[in-house]
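Working notes, structure below.
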Amino acid sequence: MLTVKKEGILLEKTRRGFENEAVFNPAAVRVDDDVHLFYRAVREGNYSSVGHCKLEGPLKVVERKKKPILFPERKYEAQGIEDPRITKIEDTYYLTYSAYDRVNVLGAVATTTNLKTFKKLKIITPKFTYREYKHFIECCNGISEKYLYHYKIFKEHGLGRELSRKLYVWDKNLMFFPKKINGKFALLHRIHPGIQIVFFDDFRELTNDFWEDYMMNLENHIVMDPKLAHESSHIGGGCPPIETKEGWVIIYHAAEDTPHGFIYHASAALLDLKNPKKELARLPHPLISPTYKWEKEGIVNNIIFPSGAVVFDNKLYIYYGAADMRVAVASVNMDELIKALVQSK
C-alpha cells in the first residue's frame, strides 16, 4: 500500500525584507548528506527573489542565508524570480525559474558550479504573442482546445491590443533531466494545460526560428496532458525527473477545477528511460492533497505545489509550497511509489 507521510512545515517567512510576505516552492538538490533548498521568497508588493538554506539530512535546517542568492536585475524579471528548480548535469547545476515582469511569465536559467555564485543566461522559452501562438498551433492535428485557453480568456477580457503587441505566451515550470539523453539536453516545460519536452544541443539553438518550428509541431512534443478528475484544469512539472530502473519518476502538480476554486495536488508519473516523451504510467489519484489548515489557508488557498525532491535511504522527500505561504515536506517509500506506478500502467 502506498503511504505518504507529511513531515510538516520546514520554512516560514521571516522579518527579513526579502521574505517578509511568504516563502514557498523550493528547488532542492542533495550534495553528499546535505540538501540545499533554493526557495521563492516574497516581500511586500509581491516581489520575488530566491532564498537559500541548507539542511543536514532531509529535514534539519542548519543554515539559512540572510540575503537572497538571486534577485531581479533585468527588465524581464522586474517583478520577480519565481518557482526555481535545480538539476545537476555533469559538473554544472542548472537553476531554472519563471521570470515575471508584471505582464509576462517566461522561462529563464542560471548556472553555477558551487551553489554560491550564479551566472544568469537568458530567457530560453519562446517569445511569441498569443496571436502568433494561435496561428502556429492551428497547424497541429488533434491538439486539445485547452491549448488556446489563455488566448480566449484574454480576448474575452478585451485585451486585443495586448494580445498583438506585448502579451506573450506564458511558459513555466522548467525542469532539466539530470543527464543528457542521446547527447542532448532534455527539458520539460509547461505551456497550458500540459507538459511538453524539448531537446537541444546548445542554448544558442533556442532561437525564434527554432521555437516557431517547435510550435507548429507542438503535438509531437507533448509528454502529458490532463486527463484525470484531479487534473480537470491543467497540470505542470513539479520536481526534476528521478532516474530509476523502471523509468523516470516525475512528481508534478495537478490543478482540479471545483465549484469552490482550484485545488492543487501533487501526483506522480513514470516516463520511458530512453524516450521520456513516452508516458508509461501515472497514478490514478493524487499523491499529496491539501488536508491541513496550513495547506488549505494562505495567500492562495488549497495549494500543494511540489518543486524539489531528493532520495535518502530509499525514501523520496518531496519539498512543496503550501498555500503559497510556506515550505513543507512529505516522504514516500520509493519502492512503494514505483510499484504503485507500475500497477497503474
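Chain identifiers are assigned as A, B, and so on, following the order in which chains appear in the C-alpha cells; residues are numbered from 1 within each chain, and ligands are numbered from 1 in order of appearance.
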### For Thr92 (chain A): contacts at 7 Å, only C-alpha atoms, fewer than 4 positions along chain excluded, given as JSON, numbers by chain
{"A": [88, 111, 112, 113]}
### Message
Would you pick out the contacts of region 10-19 of chain A at 6 Å or less, using only C-alpha atoms, so that residues sharing its chain but fewer than 3 positions from it are not included, and give the list as a ChimeraX atom specification?
### Response
/A:22-23,41-43,326-328
Output C-alpha atoms for every residue in that selection, as a PDB file, in the first residue's frame.
```pdb
ATOM      1  CA  ALA A  22       5.933  34.358   2.178  1.00  0.00           C
ATOM      2  CA  VAL A  23       8.407  31.567   1.373  1.00  0.00           C
ATOM      3  CA  ALA A  41      10.976  34.412  -1.189  1.00  0.00           C
ATOM      4  CA  VAL A  42       8.299  37.096  -1.455  1.00  0.00           C
ATOM      5  CA  ARG A  43       8.368  40.556   0.074  1.00  0.00           C
ATOM      6  CA  ARG A 326       5.335  28.243   3.485  1.00  0.00           C
ATOM      7  CA  VAL A 327       7.670  25.352   2.646  1.00  0.00           C
ATOM      8  CA  ALA A 328       6.653  21.861   3.718  1.00  0.00           C
TER       9      ALA A 328
END
```
Find the residues around Tyr317 (chain A) up to 8 Å (only C-alpha atoms counted), leave out those fewer than 6 positions away in its own chain, and share them as a PDB file with C-alpha atoms, in the first residue's frame.
```pdb
ATOM      1  CA  PRO A  58      16.433  15.766   4.513  1.00  0.00           C
ATOM      2  CA  ALA A 309      12.769  16.141  -4.311  1.00  0.00           C
ATOM      3  CA  VAL A 310      15.708  14.110  -3.003  1.00  0.00           C
ATOM      4  CA  VAL A 311      16.226  10.484  -2.008  1.00  0.00           C
ATOM      5  CA  VAL A 329       7.903  18.340   3.068  1.00  0.00           C
ATOM      6  CA  ALA A 330       6.383  14.888   2.642  1.00  0.00           C
ATOM      7  CA  SER A 331       8.020  11.485   2.250  1.00  0.00           C
ATOM      8  CA  VAL A 332       7.179   8.231   0.490  1.00  0.00           C
TER       9      VAL A 332
END
```
## Note on the structure
Of A:Ile242, A:Leu59, A:Ile89, A:Ala110, the one nearest to Pro276 (chain A) when counting only C-alpha atoms is A:Ile242
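Using only C-alpha atoms, the nearest neighbour of Tyr94 (chain A) within the list A:Glu243, A:Leu287, A:Leu187, A:His52 is A:Leu187.
Residues in contact with Asp34 (chain A) at 7 Å, where only C-alpha atoms are counted and same-chain residues fewer than 6 positions away are skipped, are listed as A:Lys54, A:Leu55, A:Glu56, A:Gly57.
Between CA of Ile195 (chain A) and CA of Gly51 (chain A) lies a distance of 26.6 Å.
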### Query
So which one's closest to Leu271 (chain A), A:Tyr168, A:Phe128, A:Phe177, A:Phe210? Using only C-alpha atoms, please.
A:Phe177
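Counting only C-alpha atoms and comparing A:Ile153, A:Leu2, A:Leu148, A:Val103, the residue that lies closest to Ile191 (chain A) is A:Leu148.
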### Task
Go through A:Asn25, A:Gln196, A:Gln343, A:Thr117 and flag the residue nearest Glu246 (chain A), using only C-alpha atoms for the distances.
A:Gln343
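Closest to Leu218 (chain A) among A:Tyr93, A:Tyr100, A:Tyr133, A:Phe24 is A:Tyr133, based on only C-alpha atoms.
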### Query
Just asking: which residues within region 95-171 of chain A are strand (DSSP E) according to DSSP, as a PyMOL selection string?
chain A and resi 95-100+105-112+119-123
### Message
Applying 8 Å and only C-alpha atoms, which residues near Phe185 (chain A) remain after dropping the ones on its own chain fewer than 6 positions away? List them as a list in words.
### Response
Phe176, Phe177, Lys179, Phe199, Phe200, Asp201 and Asp202 of chain A
### Task
Using DSSP on the backbone, list every residue of region 115-223 of chain A that comes out as helix (DSSP H, G or I), and give them as a PyMOL selection string.
chain A and resi 130-137+145-156+160-165+203-205+208-216+218-220
Could you write out that same residue set with N, CA and C atoms as a compact mmCIF listing (two decimals), in the first residue's frame?
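Printed below is again36.txt as written:
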```txt
# COMPACT_ATOMS: atom_id res chain seq x y z
N TYR A 130 0.21 35.83 -28.14
CA TYR A 130 -0.82 34.81 -28.21
C TYR A 130 -1.43 34.69 -29.60
N ARG A 131 -1.46 35.78 -30.33
CA ARG A 131 -1.97 35.70 -31.71
C ARG A 131 -1.01 34.90 -32.59
N GLU A 132 0.28 35.13 -32.43
CA GLU A 132 1.26 34.33 -33.18
C GLU A 132 1.16 32.86 -32.80
N TYR A 133 1.06 32.62 -31.49
CA TYR A 133 0.94 31.26 -30.97
C TYR A 133 -0.29 30.56 -31.56
N LYS A 134 -1.42 31.25 -31.57
CA LYS A 134 -2.65 30.67 -32.14
C LYS A 134 -2.42 30.29 -33.60
N HIS A 135 -1.78 31.16 -34.33
CA HIS A 135 -1.51 30.89 -35.75
C HIS A 135 -0.64 29.63 -35.90
N PHE A 136 0.38 29.50 -35.05
CA PHE A 136 1.28 28.35 -35.14
C PHE A 136 0.56 27.04 -34.85
N ILE A 137 -0.17 26.98 -33.73
CA ILE A 137 -0.73 25.70 -33.31
C ILE A 137 -1.97 25.32 -34.10
N GLU A 145 -8.24 21.66 -27.21
CA GLU A 145 -8.68 23.05 -27.28
C GLU A 145 -8.17 23.87 -26.10
N LYS A 146 -7.78 23.18 -25.03
CA LYS A 146 -7.28 23.90 -23.85
C LYS A 146 -5.98 24.65 -24.14
N TYR A 147 -5.29 24.27 -25.21
CA TYR A 147 -4.06 24.98 -25.55
C TYR A 147 -4.33 26.41 -26.01
N LEU A 148 -5.59 26.73 -26.27
CA LEU A 148 -5.97 28.11 -26.60
C LEU A 148 -6.75 28.76 -25.47
N TYR A 149 -6.72 28.14 -24.30
CA TYR A 149 -7.49 28.65 -23.16
C TYR A 149 -7.14 30.10 -22.83
N HIS A 150 -5.86 30.39 -22.67
CA HIS A 150 -5.47 31.74 -22.28
C HIS A 150 -5.77 32.74 -23.40
N TYR A 151 -5.56 32.33 -24.63
CA TYR A 151 -5.87 33.21 -25.76
C TYR A 151 -7.33 33.64 -25.69
N LYS A 152 -8.22 32.70 -25.47
CA LYS A 152 -9.65 33.00 -25.43
C LYS A 152 -10.00 33.86 -24.21
N ILE A 153 -9.41 33.54 -23.06
CA ILE A 153 -9.69 34.30 -21.84
C ILE A 153 -9.24 35.75 -22.01
N PHE A 154 -8.01 35.95 -22.48
CA PHE A 154 -7.51 37.32 -22.64
C PHE A 154 -8.34 38.09 -23.67
N LYS A 155 -8.75 37.42 -24.72
CA LYS A 155 -9.54 38.08 -25.76
C LYS A 155 -10.90 38.48 -25.21
N GLU A 156 -11.52 37.59 -24.42
CA GLU A 156 -12.82 37.90 -23.82
C GLU A 156 -12.76 39.08 -22.89
N GLY A 160 -7.27 42.76 -26.69
CA GLY A 160 -6.88 42.55 -28.08
C GLY A 160 -5.56 43.20 -28.44
N ARG A 161 -5.36 44.45 -28.03
CA ARG A 161 -4.12 45.13 -28.36
C ARG A 161 -2.93 44.49 -27.68
N GLU A 162 -3.13 44.10 -26.40
CA GLU A 162 -2.04 43.44 -25.68
C GLU A 162 -1.71 42.09 -26.31
N LEU A 163 -2.76 41.38 -26.80
CA LEU A 163 -2.51 40.09 -27.45
C LEU A 163 -1.59 40.25 -28.66
N SER A 164 -1.72 41.35 -29.35
CA SER A 164 -0.95 41.53 -30.57
C SER A 164 0.38 42.22 -30.34
N ARG A 165 0.55 42.90 -29.19
CA ARG A 165 1.74 43.72 -29.02
C ARG A 165 2.72 43.22 -27.96
N PHE A 203 22.36 26.06 -25.94
CA PHE A 203 21.36 27.10 -25.69
C PHE A 203 21.22 28.07 -26.86
N ARG A 204 22.27 28.20 -27.65
CA ARG A 204 22.21 29.11 -28.79
C ARG A 204 21.23 28.63 -29.86
N GLU A 205 20.84 27.37 -29.78
CA GLU A 205 19.86 26.85 -30.74
C GLU A 205 18.46 27.43 -30.53
N ASN A 208 14.11 32.17 -32.26
CA ASN A 208 12.71 32.28 -32.68
C ASN A 208 12.36 31.27 -33.76
N ASP A 209 13.30 31.05 -34.70
CA ASP A 209 13.05 30.07 -35.76
C ASP A 209 12.89 28.67 -35.19
N PHE A 210 13.75 28.33 -34.21
CA PHE A 210 13.66 27.02 -33.55
C PHE A 210 12.28 26.85 -32.93
N TRP A 211 11.84 27.86 -32.17
CA TRP A 211 10.58 27.75 -31.45
C TRP A 211 9.38 27.82 -32.39
N GLU A 212 9.50 28.54 -33.49
CA GLU A 212 8.39 28.59 -34.45
C GLU A 212 8.13 27.20 -35.02
N ASP A 213 9.19 26.52 -35.41
CA ASP A 213 9.04 25.15 -35.92
C ASP A 213 8.49 24.24 -34.83
N TYR A 214 8.99 24.42 -33.60
CA TYR A 214 8.53 23.62 -32.46
C TYR A 214 7.02 23.80 -32.26
N MET A 215 6.55 25.05 -32.27
CA MET A 215 5.14 25.33 -32.04
C MET A 215 4.26 24.75 -33.15
N MET A 216 4.73 24.80 -34.37
CA MET A 216 3.93 24.30 -35.47
C MET A 216 3.82 22.77 -35.45
N LEU A 218 3.65 21.19 -32.25
CA LEU A 218 3.56 21.06 -30.79
C LEU A 218 3.02 19.70 -30.36
N GLU A 219 2.12 19.12 -31.13
CA GLU A 219 1.54 17.84 -30.74
C GLU A 219 2.59 16.75 -30.62
N ASN A 220 3.74 16.92 -31.30
CA ASN A 220 4.81 15.92 -31.24
C ASN A 220 5.70 16.08 -30.01
```
As a PDB file with C-alpha atoms, in the first residue's frame, please: the residues near Ala27 (chain A) (cut-off 7 Å, only C-alpha atoms, same-chain neighbours under 3 positions excluded).
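Result written to result-v9.pdb:
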```pdb
ATOM      1  CA  LEU A  37      16.962  24.437  -0.880  1.00  0.00           C
ATOM      2  CA  PHE A  38      16.517  27.429  -3.173  1.00  0.00           C
ATOM      3  CA  TYR A  39      13.095  28.785  -2.345  1.00  0.00           C
ATOM      4  CA  PRO A  84      13.029  27.748  -9.089  1.00  0.00           C
ATOM      5  CA  ARG A  85      14.035  24.170  -9.891  1.00  0.00           C
ATOM      6  CA  ILE A  86      17.591  22.893  -9.880  1.00  0.00           C
ATOM      7  CA  SER A 307       9.115  21.704  -6.801  1.00  0.00           C
ATOM      8  CA  GLY A 308      12.049  19.716  -5.364  1.00  0.00           C
TER       9      GLY A 308
END
```
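By chain and then residue number, the residues within 7 Å of region 334-338 of chain A are Met1, Leu2, Asn314, Lys315 and Leu316 of chain A, counting only C-alpha atoms and disregarding those fewer than 6 positions away in sequence.
The space between CA of Ser344 (chain A) and CA of Tyr319 (chain A) spans 24.1 Å.
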### Query
Expressed in Å to a single decimal, how great is the separation between CA of Glu21 (chain A) and CA of His36 (chain A)?
21.6 Å
